[in-house]
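J.: Quick one: the structure is below, and I'll ask about it shortly.
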Amino acid sequence: MIRFDQPTAYTLSREEVLQIKNRVRYLRERKGWTQQELSDRTGISRPNISNYERGAPIGPGLQKKLAQALGVGIGELFDEMRPMAMESDRQLVGVPFLGRIVASPDGKEYFDGDVPEGATVPFFKNHGSFFALEVENDSLINAQPEEIYPGDICIFDSNRQPRNGDIVAVQFIQNNQRTVKLLFHNGTNEIELRSANKFRNYPSLRVRKDEVNSFGVYVGKIKISDDMKRQYGLRR
């Protein structure tokens, strides 16, 4: 069942800064971004990004901007102090491919789980329990911190707890259907699953927490060609 963690921001001590000063750089490089690209996504100047990666203090408001841009919770970026995984610790593994989130001609969404048994996609991982879904609709093309386009294969971590504003893959208990949306909650028993497309007026879906299972929190996407999708058994 879903557990919701509301991230909070706070000022770091000097000791904490020394422990995490390279974590911003690690997460930035894992995204494949330059300091300028991270600057463009956060509105924080590139010199300040460089200063933070060398251990300069980071104010509470900027903590939130950095965490959102890097696709992690503030707790993961700053307060858990977990040892950073080195490149040598990362493994290229086959992440289970579960199917596709498809938009029909009338705009309604459905889950297509007709994929070959044992189908996987390659993904470098450290720790977590990952699965992959191909998103074949445009409901998240304006999502933050990362836009998702039709045909993107998205990776989700089923061990990570969803936070307010996360991109999540949700499985509905009643009909076993799945969707990928932005998740929001206000502390009640109801959650809201939203589209992020600014150009199409997709309705939000409001459901009770006990009607869904948390199926995974978005951690990134991979780009592979249609030929590679056929090679991996994702296309017939």
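Going by the structure tokens order, chains are called A, B, ..., each with residues numbered from 1, while ligands are numbered from 1 in the order shown.
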Any chance you could tabulate, as JSON lines, the residues of segment 108-137 of chain A at most 12 Å from segment 141-150 of chain A with each one's nearest atom pair and distance in Å to one decimal, using only C-alpha atoms, in chain and rising number order?
T.:
{"residue": "A:Leu133", "atom": "CA", "partner": "A:Pro150", "partner_atom": "CA", "distance": 11.5}
{"residue": "A:Glu134", "atom": "CA", "partner": "A:Pro150", "partner_atom": "CA", "distance": 8.1}
{"residue": "A:Val135", "atom": "CA", "partner": "A:Pro150", "partner_atom": "CA", "distance": 5.6}
{"residue": "A:Glu136", "atom": "CA", "partner": "A:Pro150", "partner_atom": "CA", "distance": 4.3}
{"residue": "A:Asn137", "atom": "CA", "partner": "A:Pro150", "partner_atom": "CA", "distance": 5.0}
J.: Just to confirm, what's the straight-line distance from atom CA of Cys154 of chain A to atom CA of Gly43 of chain A in Å (one decimal)?
T.: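 Interatomic distance, atom CA of Cys154 of chain A to atom CA of Gly43 of chain A: 25.6 Å.
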J.: Compare A:Phe131, A:Leu27, A:Lys209, A:Tyr52 by their minimum atom-to-atom distance to Ala119 of chain A, counting only C-alpha atoms, and give me the closest one.
T.: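 Once distances to Ala119 of chain A are computed over only C-alpha atoms, the minimum belongs to A:Phe131.
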J.: Show which residues sit within 9 Å of segment 203-208 of chain A, as a PyMOL selection string. Count only C-alpha atoms, and ignore same-chain residues fewer than 5 positions away.
T.: chain A and resi 188-195
J.: Would you export the selected residues with N, CA and C atoms as a JSON list (two decimals), in the first residue's frame, please?
T.:
[["chain", "number", "residue", "atom", "x", "y", "z"],
["A", 188, "THR", "N", -5.16, 13.66, 2.79],
["A", 188, "THR", "CA", -6.41, 12.95, 3.00],
["A", 188, "THR", "C", -6.27, 11.52, 2.49],
["A", 189, "ASN", "N", -7.37, 10.82, 2.41],
["A", 189, "ASN", "CA", -7.36, 9.44, 1.90],
["A", 189, "ASN", "C", -7.42, 9.39, 0.38],
["A", 190, "GLU", "N", -7.38, 10.56, -0.26],
["A", 190, "GLU", "CA", -7.50, 10.62, -1.71],
["A", 190, "GLU", "C", -6.19, 11.05, -2.35],
["A", 191, "ILE", "N", -5.87, 10.47, -3.50],
["A", 191, "ILE", "CA", -4.72, 10.91, -4.27],
["A", 191, "ILE", "C", -5.20, 11.37, -5.64],
["A", 192, "GLU", "N", -4.39, 12.23, -6.26],
["A", 192, "GLU", "CA", -4.71, 12.74, -7.59],
["A", 192, "GLU", "C", -3.60, 12.36, -8.54],
["A", 193, "LEU", "N", -3.95, 11.80, -9.68],
["A", 193, "LEU", "CA", -3.01, 11.44, -10.73],
["A", 193, "LEU", "C", -3.22, 12.40, -11.89],
["A", 194, "ARG", "N", -2.19, 13.19, -12.18],
["A", 194, "ARG", "CA", -2.34, 14.28, -13.15],
["A", 194, "ARG", "C", -1.50, 14.04, -14.40],
["A", 195, "SER", "N", -2.00, 14.58, -15.50],
["A", 195, "SER", "CA", -1.22, 14.73, -16.72],
["A", 195, "SER", "C", -0.32, 15.96, -16.57]]
J.: So which residues of segment 50-228 of chain A fall under alpha helix (DSSP H) by DSSP, listed as an MDAnalysis selection string?
T.: chainID A and resid 50:53 60:70 74 226:228
J.: Can I get the selection written as a CSV table (one decimal), in the first residue's frame, with N, CA and C atoms?
T.:
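Written file, part_10.csv:
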chain,number,residue,atom,x,y,z
A,50,SER,N,28.9,24.9,-9.6
A,50,SER,CA,30.3,24.5,-9.4
A,50,SER,C,30.7,24.7,-7.9
A,51,ASN,N,30.3,25.8,-7.3
A,51,ASN,CA,30.6,26.0,-5.9
A,51,ASN,C,30.0,24.9,-5.0
A,52,TYR,N,28.7,24.5,-5.3
A,52,TYR,CA,28.1,23.5,-4.5
A,52,TYR,C,28.8,22.1,-4.7
A,53,GLU,N,29.2,21.9,-5.9
A,53,GLU,CA,29.9,20.6,-6.1
A,53,GLU,C,31.3,20.6,-5.4
A,60,PRO,N,18.0,26.2,1.9
A,60,PRO,CA,16.8,25.3,1.8
A,60,PRO,C,16.1,25.4,0.5
A,61,GLY,N,15.9,26.6,0.0
A,61,GLY,CA,15.1,26.8,-1.3
A,61,GLY,C,15.9,26.1,-2.5
A,62,LEU,N,17.2,26.3,-2.5
A,62,LEU,CA,18.0,25.7,-3.6
A,62,LEU,C,18.1,24.2,-3.4
A,63,GLN,N,18.0,23.7,-2.2
A,63,GLN,CA,18.0,22.2,-2.0
A,63,GLN,C,16.9,21.6,-2.8
A,64,LYS,N,15.7,22.2,-2.7
A,64,LYS,CA,14.5,21.7,-3.3
A,64,LYS,C,14.6,21.8,-4.8
A,65,LYS,N,15.2,22.9,-5.4
A,65,LYS,CA,15.3,23.0,-6.8
A,65,LYS,C,16.3,21.9,-7.4
A,66,LEU,N,17.4,21.7,-6.6
A,66,LEU,CA,18.4,20.7,-7.1
A,66,LEU,C,17.8,19.3,-7.0
A,67,ALA,N,17.1,19.0,-6.0
A,67,ALA,CA,16.5,17.6,-5.8
A,67,ALA,C,15.4,17.4,-6.9
A,68,GLN,N,14.6,18.4,-7.2
A,68,GLN,CA,13.6,18.2,-8.2
A,68,GLN,C,14.2,18.0,-9.6
A,69,ALA,N,15.2,18.8,-9.9
A,69,ALA,CA,15.9,18.7,-11.2
A,69,ALA,C,16.6,17.4,-11.4
A,70,LEU,N,17.2,16.9,-10.3
A,70,LEU,CA,17.9,15.6,-10.4
A,70,LEU,C,17.0,14.4,-10.2
A,74,ILE,N,14.5,15.3,-1.5
A,74,ILE,CA,15.5,16.0,-0.7
A,74,ILE,C,16.2,15.1,0.3
A,226,ASP,N,13.8,1.7,-32.7
A,226,ASP,CA,12.8,0.7,-33.0
A,226,ASP,C,13.5,-0.7,-33.3
A,227,ASP,N,14.6,-0.6,-34.0
A,227,ASP,CA,15.3,-1.8,-34.3
A,227,ASP,C,15.8,-2.5,-33.1
A,228,MET,N,16.3,-1.7,-32.1
A,228,MET,CA,16.8,-2.3,-30.9
A,228,MET,C,15.6,-2.8,-30.1
J.: Mind pulling up the distance from atom CA of Lys221 of chain A to atom CA of Lys31 of chain A?
T.: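 Pair atom CA of Lys31 of chain A / atom CA of Lys221 of chain A returns 9.9 Å.
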J.: Taking only C-alpha atoms into account, which of A:Trp33, A:Gly233, A:Thr179, A:Gln174 comes nearest Asp210 of chain A?
T.: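 Of A:Trp33, A:Gly233, A:Thr179, A:Gln174, the one nearest Asp210 of chain A is A:Gln174, counting only C-alpha atoms.
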J.: I'd like the contact shell of Asp166 of chain A - 8 Å cut-off, only C-alpha atoms, skipping same-chain residues fewer than 2 positions apart - returned as a PyMOL selection string.
T.: chain A and resi 162-164+168+182-184+217-218
J.: How would the residues just picked look written out with C-alpha atoms as a compact mmCIF listing (two decimals), in the first residue's frame?
T.:
# COMPACT_ATOMS: atom_id res chain seq x y z
CA PRO A 162 6.33 8.04 -3.70
CA ARG A 163 6.56 11.69 -2.79
CA ASN A 164 4.28 14.56 -3.68
CA VAL A 168 4.79 7.20 -10.70
CA LEU A 182 2.24 12.77 -11.66
CA LEU A 183 1.09 11.92 -8.15
CA PHE A 184 -0.27 14.48 -5.70
CA VAL A 217 8.66 5.73 -8.77
CA TYR A 218 10.27 7.06 -11.96
J.: Residues within 10 Å of Pro47 of chain A, please, as a PyMOL selection string. Count only C-alpha atoms; anything in the same chain fewer than 6 positions from it doesn't count.
T.: chain A and resi 35-36+39+53
J.: By how many Å are atom CA of Tyr26 of chain A and atom CA of Val95 of chain A apart?
T.: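 If I compute the distance from atom CA of Tyr26 of chain A to atom CA of Val95 of chain A, I get 22.2 Å.
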